[in-house]
Structure formats: structure tokens, C-alpha cells
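Trainee: My structure file structure-v1.cif, mmCIF, C-alpha atoms, is below:
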```cif
data_my_file
#
loop_
_atom_site.group_PDB
_atom_site.id
_atom_site.type_symbol
_atom_site.label_atom_id
_atom_site.label_comp_id
_atom_site.auth_asym_id
_atom_site.auth_seq_id
_atom_site.Cartn_x
_atom_site.Cartn_y
_atom_site.Cartn_z
ATOM 1 C CA MET N 1 -21.324 54.309 -23.640
ATOM 2 C CA GLU N 2 -20.102 50.956 -22.314
ATOM 3 C CA ASP N 3 -17.690 48.937 -24.459
ATOM 4 C CA LEU N 4 -19.299 45.555 -25.012
ATOM 5 C CA ILE N 5 -15.959 43.952 -25.897
ATOM 6 C CA THR N 6 -13.926 45.052 -22.865
ATOM 7 C CA GLU N 7 -16.766 45.163 -20.383
ATOM 8 C CA ILE N 8 -16.589 42.530 -17.637
ATOM 9 C CA PRO N 9 -19.403 40.059 -18.293
ATOM 10 C CA PRO N 10 -22.131 39.744 -15.656
ATOM 11 C CA PRO N 11 -22.105 36.710 -13.395
ATOM 12 C CA SER N 12 -23.489 33.556 -14.924
ATOM 13 C CA ARG N 13 -27.059 32.619 -14.170
ATOM 14 C CA PHE N 14 -26.043 28.980 -14.036
ATOM 15 C CA PHE N 15 -24.622 27.066 -11.097
ATOM 16 C CA GLN N 16 -21.282 25.365 -11.619
ATOM 17 C CA GLU N 17 -22.917 21.918 -11.755
ATOM 18 C CA ASP N 18 -25.283 23.191 -14.475
ATOM 19 C CA LEU N 19 -22.353 24.384 -16.567
ATOM 20 C CA ASN N 20 -20.771 20.935 -16.266
ATOM 21 C CA ASN N 21 -23.800 19.487 -18.072
ATOM 22 C CA PHE N 22 -22.512 21.018 -21.311
ATOM 23 C CA ILE N 23 -19.095 19.342 -20.988
ATOM 24 C CA PRO N 24 -18.816 15.845 -22.468
ATOM 25 C CA PRO N 25 -18.023 13.254 -19.760
ATOM 26 C CA SER N 26 -14.458 12.047 -19.571
ATOM 27 C CA PRO N 27 -13.941 8.480 -20.790
ATOM 28 C CA SER N 28 -14.070 5.890 -18.032
ATOM 29 C CA LEU N 29 -10.872 4.117 -17.038
ATOM 30 C CA ALA N 30 -10.425 0.467 -17.854
ATOM 31 C CA SER N 31 -10.641 -1.904 -14.905
ATOM 32 C CA PRO N 32 -7.434 -3.123 -13.250
ATOM 33 C CA PHE N 33 -6.474 -6.745 -13.899
ATOM 34 C CA LEU N 34 -3.984 -9.442 -12.912
ATOM 35 C CA VAL N 35 -1.305 -10.856 -15.197
ATOM 36 C CA PHE N 36 0.420 -14.095 -14.184
ATOM 37 C CA SER N 37 3.997 -14.892 -15.217
ATOM 38 C CA ILE N 38 3.164 -18.552 -14.747
ATOM 39 C CA PRO N 39 0.260 -20.319 -16.510
ATOM 40 C CA LYS N 40 -2.910 -18.923 -14.978
ATOM 41 C CA PRO N 41 -4.127 -21.398 -12.353
ATOM 42 C CA GLU N 42 -7.425 -23.126 -13.040
ATOM 43 C CA LYS N 43 -8.315 -22.734 -9.384
ATOM 44 C CA PRO N 44 -7.659 -19.653 -7.194
ATOM 45 C CA LEU N 45 -4.300 -19.428 -5.455
ATOM 46 C CA ARG N 46 -4.781 -20.203 -1.774
ATOM 47 C CA PRO N 47 -1.730 -19.000 0.160
ATOM 48 C CA SER N 48 -1.676 -19.477 3.891
ATOM 49 C CA LEU N 49 -0.471 -15.869 4.169
ATOM 50 C CA LEU N 50 -0.765 -12.888 1.825
ATOM 51 C CA ILE N 51 1.406 -9.860 2.611
ATOM 52 C CA VAL N 52 0.591 -6.513 0.996
ATOM 53 C CA ALA N 53 3.441 -4.011 1.335
ATOM 54 C CA LEU N 54 2.309 -0.391 0.941
ATOM 55 C CA SER N 55 4.675 1.590 3.162
ATOM 56 C CA SER N 56 8.080 2.713 1.963
ATOM 57 C CA PRO N 57 9.990 0.846 4.741
ATOM 58 C CA SER N 58 8.226 -2.465 4.042
ATOM 59 C CA LEU N 59 8.762 -2.088 0.289
ATOM 60 C CA TYR N 60 12.463 -1.534 0.870
ATOM 61 C CA ILE N 61 12.747 -4.595 3.134
ATOM 62 C CA PHE N 62 11.046 -6.940 0.682
ATOM 63 C CA HIS N 63 12.887 -5.490 -2.305
ATOM 64 C CA HIS N 64 16.148 -6.721 -0.760
ATOM 65 C CA LEU N 65 14.679 -10.074 0.313
ATOM 66 C CA SER N 66 16.098 -13.031 -1.575
ATOM 67 C CA PRO N 67 15.050 -15.444 -2.844
ATOM 68 C CA LYS N 68 11.587 -14.577 -4.094
ATOM 69 C CA THR N 69 9.842 -15.708 -7.270
ATOM 70 C CA LEU N 70 7.817 -13.392 -9.486
ATOM 71 C CA VAL N 71 4.319 -14.859 -9.875
ATOM 72 C CA GLY N 72 2.448 -12.036 -11.562
ATOM 73 C CA SER N 73 1.546 -8.352 -11.574
ATOM 74 C CA LEU N 74 -1.478 -6.196 -10.938
ATOM 75 C CA ILE N 75 -1.971 -3.701 -13.764
ATOM 76 C CA LEU N 76 -3.644 -0.332 -13.313
ATOM 77 C CA PRO N 77 -4.234 1.158 -16.803
ATOM 78 C CA GLU N 78 -3.695 4.710 -15.514
ATOM 79 C CA VAL N 79 -0.144 3.925 -14.342
ATOM 80 C CA PRO N 80 2.274 4.357 -17.293
ATOM 81 C CA PHE N 81 4.873 1.743 -18.196
ATOM 82 C CA SER N 82 7.392 4.311 -19.414
ATOM 83 C CA GLY N 83 10.643 4.480 -17.514
ATOM 84 C CA LEU N 84 10.452 0.989 -16.032
ATOM 85 C CA SER N 85 13.749 -0.821 -15.611
ATOM 86 C CA VAL N 86 14.389 -4.295 -16.993
ATOM 87 C CA GLU N 87 15.074 -5.746 -13.553
ATOM 88 C CA PRO N 88 12.702 -5.035 -10.621
ATOM 89 C CA SER N 89 13.671 -1.730 -9.026
ATOM 90 C CA PHE N 90 12.628 0.035 -5.833
ATOM 91 C CA ARG N 91 12.050 3.174 -7.917
ATOM 92 C CA ASP N 92 9.661 1.584 -10.461
ATOM 93 C CA LYS N 93 5.936 2.274 -10.285
ATOM 94 C CA THR N 94 4.832 -1.357 -10.336
ATOM 95 C CA CYS N 95 2.636 -3.749 -8.381
ATOM 96 C CA ASN N 96 4.293 -7.166 -8.517
ATOM 97 C CA ILE N 97 3.230 -10.411 -6.852
ATOM 98 C CA TYR N 98 5.945 -12.712 -5.497
ATOM 99 C CA SER N 99 6.063 -16.144 -3.939
ATOM 100 C CA LEU N 100 8.203 -16.392 -0.787
ATOM 101 C CA ASN N 101 9.976 -19.521 0.360
ATOM 102 C CA ASN N 102 8.600 -19.523 3.917
ATOM 103 C CA GLY N 103 9.192 -23.107 5.010
ATOM 104 C CA ASP N 104 6.088 -25.274 4.810
ATOM 105 C CA LYS N 105 3.764 -22.270 4.557
ATOM 106 C CA SER N 106 2.783 -20.892 1.158
ATOM 107 C CA THR N 107 3.256 -17.118 1.293
ATOM 108 C CA LEU N 108 2.540 -14.495 -1.369
ATOM 109 C CA LEU N 109 3.831 -10.926 -1.334
ATOM 110 C CA VAL N 110 2.190 -8.019 -3.164
ATOM 111 C CA SER N 111 4.606 -5.114 -3.509
ATOM 112 C CA VAL N 112 2.581 -1.976 -4.292
ATOM 113 C CA GLN N 113 5.129 0.598 -5.458
ATOM 114 C CA HIS N 114 2.680 3.227 -6.683
ATOM 115 C CA GLY N 115 -0.280 5.072 -5.286
ATOM 116 C CA VAL N 116 -3.830 3.786 -5.686
ATOM 117 C CA SER N 117 -6.610 6.371 -5.677
ATOM 118 C CA ALA N 118 -9.512 6.037 -3.278
ATOM 119 C CA GLU N 119 -11.893 5.479 -6.200
ATOM 120 C CA ARG N 120 -9.866 2.457 -7.404
ATOM 121 C CA SER N 121 -9.024 0.962 -4.015
ATOM 122 C CA HIS N 122 -12.065 -1.304 -3.765
ATOM 123 C CA LEU N 123 -11.520 -2.654 -7.291
ATOM 124 C CA VAL N 124 -7.923 -3.510 -6.426
ATOM 125 C CA ALA N 125 -8.987 -5.073 -3.118
ATOM 126 C CA ARG N 126 -11.467 -7.336 -4.929
ATOM 127 C CA LEU N 127 -8.724 -8.478 -7.301
ATOM 128 C CA LEU N 128 -6.313 -9.354 -4.499
ATOM 129 C CA ILE N 129 -8.825 -11.003 -2.174
ATOM 130 C CA GLY N 130 -11.556 -13.384 -3.252
ATOM 131 C CA GLY N 131 -10.906 -13.668 -6.990
ATOM 132 C CA ASP N 132 -7.823 -15.443 -8.305
ATOM 133 C CA ILE N 133 -6.241 -15.175 -4.844
ATOM 134 C CA VAL N 134 -8.005 -16.476 -1.732
ATOM 135 C CA PRO N 135 -5.660 -16.217 1.266
ATOM 136 C CA ASP N 136 -6.181 -17.835 4.644
ATOM 137 C CA ARG N 137 -4.659 -14.796 6.289
ATOM 138 C CA LEU N 138 -3.703 -11.252 5.278
ATOM 139 C CA LEU N 139 -1.074 -8.840 6.581
ATOM 140 C CA ILE N 140 -1.059 -5.231 5.349
ATOM 141 C CA LEU N 141 1.922 -2.963 6.001
ATOM 142 C CA ASP N 142 1.209 0.751 5.682
ATOM 143 C CA SER N 143 2.251 4.104 7.155
ATOM 144 C CA ILE N 144 0.367 6.450 9.492
ATOM 145 C CA GLN N 145 -0.871 9.627 7.846
ATOM 146 C CA SER N 146 -0.466 12.474 10.345
ATOM 147 C CA GLN N 147 -3.729 14.149 9.286
ATOM 148 C CA ASN N 148 -5.646 10.945 10.127
ATOM 149 C CA PHE N 149 -4.085 10.403 13.547
ATOM 150 C CA ARG N 150 -5.795 11.650 16.697
ATOM 151 C CA GLY N 151 -2.910 12.796 18.815
ATOM 152 C CA LYS N 152 0.579 14.171 18.501
ATOM 153 C CA LEU N 153 3.225 12.372 16.466
ATOM 154 C CA SER N 154 6.827 13.263 17.094
ATOM 155 C CA PRO N 155 9.116 12.974 14.035
ATOM 156 C CA ASP N 156 11.904 11.807 16.354
ATOM 157 C CA GLU N 157 9.995 8.806 17.717
ATOM 158 C CA THR N 158 9.039 5.514 16.083
ATOM 159 C CA TYR N 159 5.555 4.023 16.430
ATOM 160 C CA ALA N 160 3.734 0.933 15.185
ATOM 161 C CA PHE N 161 0.102 -0.052 15.770
ATOM 162 C CA LYS N 162 -2.264 -2.712 14.486
ATOM 163 C CA LEU N 163 -5.884 -3.200 13.468
ATOM 164 C CA GLU N 164 -7.521 -6.629 13.103
ATOM 165 C CA THR N 165 -10.646 -8.132 11.609
ATOM 166 C CA LEU N 166 -13.158 -9.937 13.776
ATOM 167 C CA ALA N 167 -11.970 -13.325 12.483
ATOM 168 C CA GLU N 168 -8.404 -12.507 13.563
ATOM 169 C CA ARG N 169 -9.518 -11.402 17.005
ATOM 170 C CA LYS N 170 -11.685 -14.467 17.521
ATOM 171 C CA GLY N 171 -8.668 -16.645 16.807
ATOM 172 C CA LEU N 172 -6.881 -15.078 19.746
ATOM 173 C CA GLY N 173 -9.173 -16.348 22.464
ATOM 174 C CA GLY N 174 -8.906 -19.444 24.607
ATOM 175 C CA SER N 175 -5.924 -21.718 24.010
ATOM 176 C CA ASN N 176 -5.130 -20.128 20.632
ATOM 177 C CA VAL N 177 -3.375 -17.041 21.978
ATOM 178 C CA ALA N 178 -0.155 -17.989 20.196
ATOM 179 C CA SER N 179 -1.867 -17.544 16.826
ATOM 180 C CA SER N 180 -1.669 -13.743 17.046
ATOM 181 C CA LEU N 181 0.189 -12.514 13.981
ATOM 182 C CA LEU N 182 1.658 -9.436 15.672
ATOM 183 C CA LYS N 183 1.930 -10.368 19.324
ATOM 184 C CA GLY N 184 2.606 -7.529 21.751
ATOM 185 C CA LEU N 185 1.784 -4.703 19.338
ATOM 186 C CA ASP N 186 -0.639 -2.020 20.575
ATOM 187 C CA TYR N 187 -3.920 -1.381 18.788
ATOM 188 C CA PHE N 188 -4.438 1.724 16.666
ATOM 189 C CA PRO N 189 -5.761 4.515 18.949
ATOM 190 C CA SER N 190 -9.495 5.104 18.965
ATOM 191 C CA GLY N 191 -10.568 8.158 17.003
ATOM 192 C CA SER N 192 -7.802 7.818 14.424
ATOM 193 C CA MET N 193 -8.613 6.867 10.836
ATOM 194 C CA ILE N 194 -7.284 4.594 8.100
ATOM 195 C CA ASP N 195 -8.205 5.224 4.468
ATOM 196 C CA GLY N 196 -7.169 4.244 0.964
ATOM 197 C CA LEU N 197 -6.130 0.781 -0.193
ATOM 198 C CA ALA N 198 -5.236 -0.421 3.322
ATOM 199 C CA ALA N 199 -8.773 0.282 4.554
ATOM 200 C CA ALA N 200 -10.313 -1.350 1.464
ATOM 201 C CA LEU N 201 -8.241 -4.523 1.940
ATOM 202 C CA LEU N 202 -9.092 -4.812 5.628
ATOM 203 C CA SER N 203 -12.797 -4.223 4.881
ATOM 204 C CA ARG N 204 -12.668 -6.913 2.206
ATOM 205 C CA CYS N 205 -11.235 -9.373 4.737
ATOM 206 C CA GLN N 206 -13.993 -8.478 7.191
ATOM 207 C CA LEU N 207 -16.679 -9.133 4.546
ATOM 208 C CA LYS N 208 -15.087 -12.442 3.504
ATOM 209 C CA ASN N 209 -14.513 -13.548 7.136
ATOM 210 C CA ILE N 210 -10.744 -13.778 6.532
ATOM 211 C CA LYS N 211 -8.166 -13.244 9.254
ATOM 212 C CA GLY N 212 -6.671 -9.844 8.495
ATOM 213 C CA THR N 213 -4.168 -7.609 10.265
ATOM 214 C CA LEU N 214 -3.122 -4.089 9.355
ATOM 215 C CA CYS N 215 0.174 -2.777 10.734
ATOM 216 C CA VAL N 216 0.758 0.971 10.438
ATOM 217 C CA SER N 217 4.036 2.672 11.351
ATOM 218 C CA TRP N 218 5.423 6.176 11.876
ATOM 219 C CA PRO N 219 7.309 8.093 10.556
ATOM 220 C CA GLU N 220 6.746 7.347 6.902
ATOM 221 C CA PHE N 221 10.405 7.513 5.906
ATOM 222 C CA SER N 222 13.032 6.587 8.463
ATOM 223 C CA SER N 223 15.728 3.954 8.852
ATOM 224 C CA SER N 224 14.466 3.373 12.417
ATOM 225 C CA VAL N 225 11.090 2.272 11.019
ATOM 226 C CA VAL N 226 12.878 -0.128 8.683
ATOM 227 C CA ALA N 227 14.527 -1.734 11.719
ATOM 228 C CA LEU N 228 11.203 -1.903 13.600
ATOM 229 C CA ILE N 229 9.203 -3.489 10.759
ATOM 230 C CA ARG N 230 12.021 -5.929 10.011
ATOM 231 C CA SER N 231 12.057 -6.985 13.675
ATOM 232 C CA LEU N 232 8.270 -7.542 13.721
ATOM 233 C CA LEU N 233 8.384 -9.620 10.538
ATOM 234 C CA GLN N 234 11.362 -11.675 11.645
ATOM 235 C CA ARG N 235 9.939 -12.403 15.090
ATOM 236 C CA ASN N 236 6.265 -13.007 14.342
ATOM 237 C CA VAL N 237 5.564 -13.417 10.633
ATOM 238 C CA LEU N 238 8.528 -14.812 8.671
ATOM 239 C CA PRO N 239 10.883 -16.408 11.209
ATOM 240 C CA SER N 240 12.351 -18.808 8.643
ATOM 241 C CA LEU N 241 13.503 -16.026 6.298
ATOM 242 C CA ASP N 242 16.607 -13.904 6.648
ATOM 243 C CA LEU N 243 15.453 -10.278 6.534
ATOM 244 C CA SER N 244 18.724 -8.754 7.624
ATOM 245 C CA PHE N 245 20.824 -6.585 5.354
ATOM 246 C CA ALA N 246 23.998 -4.597 5.688
ATOM 247 C CA ARG N 247 24.109 -1.308 7.578
ATOM 248 C CA GLU N 248 25.154 0.591 4.461
ATOM 249 C CA MET N 249 21.951 -0.575 2.719
ATOM 250 C CA GLN N 250 19.879 0.871 5.562
ATOM 251 C CA ASP N 251 21.798 4.166 5.297
ATOM 252 C CA GLN N 252 21.231 4.070 1.524
ATOM 253 C CA TYR N 253 17.476 3.872 2.180
ATOM 254 C CA ALA N 254 17.611 6.985 4.359
ATOM 255 C CA ARG N 255 19.544 8.929 1.701
ATOM 256 C CA PHE N 256 17.232 7.737 -1.085
ATOM 257 C CA ASN N 257 14.077 8.903 0.716
ATOM 258 C CA LEU N 258 15.694 12.198 1.666
ATOM 259 C CA ILE N 259 16.218 12.900 -2.043
ATOM 260 C CA LYS N 260 12.970 11.307 -3.247
ATOM 261 C CA HIS N 261 10.666 13.376 -1.043
ATOM 262 C CA GLN N 262 12.024 16.855 -1.659
ATOM 263 C CA PRO N 263 9.230 19.454 -2.211
ATOM 264 C CA TYR N 264 9.373 19.391 -6.005
ATOM 265 C CA ASP N 265 8.039 17.139 -8.718
ATOM 266 C CA THR N 266 10.914 15.190 -10.230
ATOM 267 C CA GLU N 267 8.661 13.929 -13.046
ATOM 268 C CA MET N 268 8.765 17.441 -14.535
ATOM 269 C CA TYR N 269 12.384 16.777 -15.501
ATOM 270 C CA THR N 270 11.955 13.342 -17.100
#
```
Represent the structure from my file as C-alpha cells, please.
Mentor:
Amino acid sequence: MEDLITEIPPPSRFFQEDLNNFIPPSPSLASPFLVFSIPKPEKPLRPSLLIVALSSPSLYIFHHLSPKTLVGSLILPEVPFSGLSVEPSFRDKTCNIYSLNNGDKSTLLVSVQHGVSAERSHLVARLLIGGDIVPDRLLILDSIQSQNFRGKLSPDETYAFKLETLAERKGLGGSNVASSLLKGLDYFPSGSMIDGLAAALLSRCQLKNIKGTLCVSWPEFSSSVVALIRSLLQRNVLPSLDLSFAREMQDQYARFNLIKHQPYDTEMYT
């Protein structure tokens, strides 16, 4: 006689999606929001240039840029505040907004030092473009994901490509060729893909008819990419700012990323 206690139960007659109907839905996340360190402006901020730094090299460059003034922060409720340092740190999971002293041009920098899920990317893009911030022009700095690139990427070589909105490309014709934000940079190869927050921001610019440029670089973590991005910014985007830093700081970046991206989860030990 079969033992009803130890006998393996028969397969369920329900599909997995039917079983999920008996599980209470998880509570929805609160929407992200902006917090200003200055009195909230009555009218939207209208910088001539908005820079969104997503890649590790660009974050490192702007972290060491001085002077810059903290204007506000973008808060994602799912990102914890525990472990944050008192002073801004390259290791903190924050999304701060700074004002840069770029001559006569008003320039804002958004330093995104944590990941943003695909489901939240469009919400964040709407906050940064078209709400309290309405830029004349946008520059996004991100890294190439090898799984999204059509072709072979050598870890020993350094690459940088760009994508532009229609408004940015239209501004390049005729006698306005000098207005190109990243002159001389090749376009992102056809067949390759951009996703995440960078794609959401560029799509938002396209919908709002804003001049937008996305610069993606490879490899993700390398001191050579730091030198390349710094050269592009100094030559084409922020010529009035001093983006140089000592050689030992660049070597420190390489050592930091070598430790940071080891194949284990350091948060297990905090």
C-alpha cells in the first residue's frame, strides 16, 4: 500500500500563472522624486546643457571635478540610505544633481551612482527631462554592454561611439556644423542596442524635440577610458573647466574598480 505521507505528489493541474493568482500582489513601489538643496524654483530649471553620468569612468571624472555646487538629489525609494558617507563619495549609492561653473553657459550634472531598473527608467527620465528640469541640450555618458554590441570587443582596446536625436542631427547641417557636441566621434554601429536609463533619456529627448547625444565607451572599467572621456569633454563639451587630475588618482581608479568588481557580493559582509 502506498504511503500517502511520503509519496511524491502528482503534478499540479494548474499552470504556474494560475498558482500566482492565489498569492497576494506585492506592494507597489513609491514613485521617485526630486529633492532640491536650494529653495525649489517656481519655474523649471532651464540649463543650456544637462550632463547625465552613468558610466564608471565619467562618474570618477566628475567626482574629482571642482568646483561644483550641489543643487539637489533624485530619490529612488528602493535604494537604501544606509551606509552613506557625510561627504559625497564615489562609493555611495546616490543620484546627486550639481551645478557646474562652465563660463557663461548654465550646466547641470546628474551623477547616477546606482543602478536603475528597466521598469523605473522611464519614470526617472520624465523627472530629469521635462518636469522641474528642461534642458536645451542633453549629454549622456554610458558604457557599452558586450551582450548588446554587434561585433567583437577586445578588452585591450578602447572605443567610444555616439547616438543622437533628430534635433541634434538637424543642427549639424548647413553652416551650423560647429555645433556638433562630439565632433569626430563615430556613430554607434548598426545592429547594436542600447537599453536601460540611457535609452529612456534619449527617447525622452526625441519625444520632446530636445538636442540629445549619447556617448558610450568600452571597456566599462579602465583608466584608458577615463583618459578618453576626459579628452572628449575637455575638447568639445567643457573647454572652460579643468578636468585634469594627477596620475596617481587615475591609477587609484584602476585599483578601486579591480577590487570593486570581483565576482562576489561585498554587501553580504556589511
Trainee: Can you measure atom CA of Gln113 of chain N to atom CA of Phe188 of chain N for me? One decimal in Å is fine.
Mentor: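 Calculated distance between atom CA of Gln113 of chain N and atom CA of Phe188 of chain N is 24.1 Å.
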Trainee: When you count only C-alpha atoms, which of these residues is closest to Leu74 of chain N: N:Asp132, N:Glu119, N:Glu87, N:Glu42?
Mentor: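 With only C-alpha atoms as the atom set, the closest residue is N:Asp132.
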Trainee: List the neighbours of Leu34 of chain N out to 9 Å using all atoms listed in the file; skip same-chain residues closer than 6 positions along the sequence, and give me the result as a PDB file with C-alpha atoms, keeping the file's coordinate frame.
Mentor:
```pdb
ATOM      1  CA  GLY N  72       2.448 -12.036 -11.562  1.00  0.00           C
ATOM      2  CA  SER N  73       1.546  -8.352 -11.574  1.00  0.00           C
ATOM      3  CA  LEU N  74      -1.478  -6.196 -10.938  1.00  0.00           C
ATOM      4  CA  ILE N  75      -1.971  -3.701 -13.764  1.00  0.00           C
ATOM      5  CA  LEU N 127      -8.724  -8.478  -7.301  1.00  0.00           C
ATOM      6  CA  LEU N 128      -6.313  -9.354  -4.499  1.00  0.00           C
ATOM      7  CA  ASP N 132      -7.823 -15.443  -8.305  1.00  0.00           C
TER       8      ASP N 132
END
```
Trainee: With the file shown as input, list the residues that the PyMOL selection byres ((chain N and resi 201) around 10) selects, as a PyMOL selection string.
Mentor: chain N and resi 52+121-126+128-129+138-140+196-200+202-207+212-214
Trainee: Hey, what comes out of the PyMOL selection byres ((chain N and resi 168) around 8) on this file? Could you write it as an mmCIF file with C-alpha atoms, in the frame of the given file?
Mentor:
```cif
data_model
loop_
_atom_site.group_PDB
_atom_site.id
_atom_site.type_symbol
_atom_site.label_atom_id
_atom_site.label_comp_id
_atom_site.auth_asym_id
_atom_site.auth_seq_id
_atom_site.Cartn_x
_atom_site.Cartn_y
_atom_site.Cartn_z
ATOM 1 C CA GLU N 164 -7.521 -6.629 13.103
ATOM 2 C CA THR N 165 -10.646 -8.132 11.609
ATOM 3 C CA LEU N 166 -13.158 -9.937 13.776
ATOM 4 C CA ALA N 167 -11.970 -13.325 12.483
ATOM 5 C CA ARG N 169 -9.518 -11.402 17.005
ATOM 6 C CA LYS N 170 -11.685 -14.467 17.521
ATOM 7 C CA GLY N 171 -8.668 -16.645 16.807
ATOM 8 C CA LEU N 172 -6.881 -15.078 19.746
ATOM 9 C CA SER N 180 -1.669 -13.743 17.046
ATOM 10 C CA ILE N 210 -10.744 -13.778 6.532
ATOM 11 C CA LYS N 211 -8.166 -13.244 9.254
ATOM 12 C CA GLY N 212 -6.671 -9.844 8.495
ATOM 13 C CA THR N 213 -4.168 -7.609 10.265
#
```
Trainee: Around all the atoms of segment 180-185 of chain N listed in the file, with 3 Å of room on each side, what axis-aligned box do you get, giving centre and edge lengths in Å to one decimal, as lines of an AutoDock Vina configuration file?
Mentor:
```
center_x = 0.5
center_y = -9.2
center_z = 17.9
size_x = 10.3
size_y = 15.0
size_z = 13.8
```
Trainee: Model the absent atoms of segment 78-86 of chain N so that all heavy atoms are present, and write the result as a compact mmCIF listing (two decimals), keeping the file's coordinate frame.
Mentor:
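What follows is the written file part_8.txt:
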```
# COMPACT_ATOMS: atom_id res chain seq x y z
N GLU N 78 -4.09 3.31 -15.61
CA GLU N 78 -3.70 4.71 -15.51
C GLU N 78 -2.23 4.91 -15.11
O GLU N 78 -1.71 6.02 -15.17
CB GLU N 78 -4.59 5.45 -14.50
CG GLU N 78 -4.52 4.92 -13.08
CD GLU N 78 -5.58 3.88 -12.78
OE1 GLU N 78 -5.97 3.17 -13.72
OE2 GLU N 78 -6.00 3.79 -11.63
N VAL N 79 -1.55 3.83 -14.72
CA VAL N 79 -0.14 3.92 -14.34
C VAL N 79 0.70 3.63 -15.58
O VAL N 79 0.64 2.53 -16.13
CB VAL N 79 0.20 2.94 -13.21
CG1 VAL N 79 1.69 3.00 -12.87
CG2 VAL N 79 -0.64 3.25 -11.97
N PRO N 80 1.52 4.57 -16.05
CA PRO N 80 2.27 4.36 -17.29
C PRO N 80 3.40 3.36 -17.11
O PRO N 80 3.95 3.19 -16.01
CB PRO N 80 2.83 5.75 -17.61
CG PRO N 80 2.91 6.44 -16.28
CD PRO N 80 1.76 5.90 -15.48
N PHE N 81 3.76 2.70 -18.20
CA PHE N 81 4.87 1.74 -18.20
C PHE N 81 6.20 2.40 -18.56
O PHE N 81 7.25 1.77 -18.46
CB PHE N 81 4.60 0.60 -19.19
CG PHE N 81 3.51 -0.32 -18.74
CD1 PHE N 81 2.22 -0.20 -19.28
CD2 PHE N 81 3.74 -1.31 -17.82
CE1 PHE N 81 1.21 -1.05 -18.87
CE2 PHE N 81 2.73 -2.17 -17.41
CZ PHE N 81 1.46 -2.04 -17.93
N SER N 82 6.16 3.65 -18.98
CA SER N 82 7.39 4.31 -19.41
C SER N 82 8.35 4.48 -18.24
O SER N 82 7.94 4.77 -17.11
CB SER N 82 7.06 5.69 -20.01
OG SER N 82 6.41 6.50 -19.06
N GLY N 83 9.62 4.28 -18.52
CA GLY N 83 10.64 4.48 -17.51
C GLY N 83 10.91 3.29 -16.63
O GLY N 83 11.75 3.38 -15.72
N LEU N 84 10.23 2.16 -16.86
CA LEU N 84 10.45 0.99 -16.03
C LEU N 84 11.78 0.34 -16.40
O LEU N 84 12.16 0.24 -17.56
CB LEU N 84 9.32 -0.03 -16.21
CG LEU N 84 7.92 0.40 -15.75
CD1 LEU N 84 6.93 -0.73 -15.94
CD2 LEU N 84 7.93 0.87 -14.31
N SER N 85 12.48 -0.14 -15.38
CA SER N 85 13.75 -0.82 -15.61
C SER N 85 13.51 -2.28 -15.98
O SER N 85 12.42 -2.83 -15.74
CB SER N 85 14.63 -0.74 -14.36
OG SER N 85 13.95 -1.25 -13.24
N VAL N 86 14.51 -2.90 -16.58
CA VAL N 86 14.39 -4.30 -16.99
C VAL N 86 14.27 -5.20 -15.77
O VAL N 86 13.40 -6.07 -15.69
CB VAL N 86 15.60 -4.70 -17.86
CG1 VAL N 86 15.51 -6.17 -18.23
CG2 VAL N 86 15.67 -3.83 -19.11
```
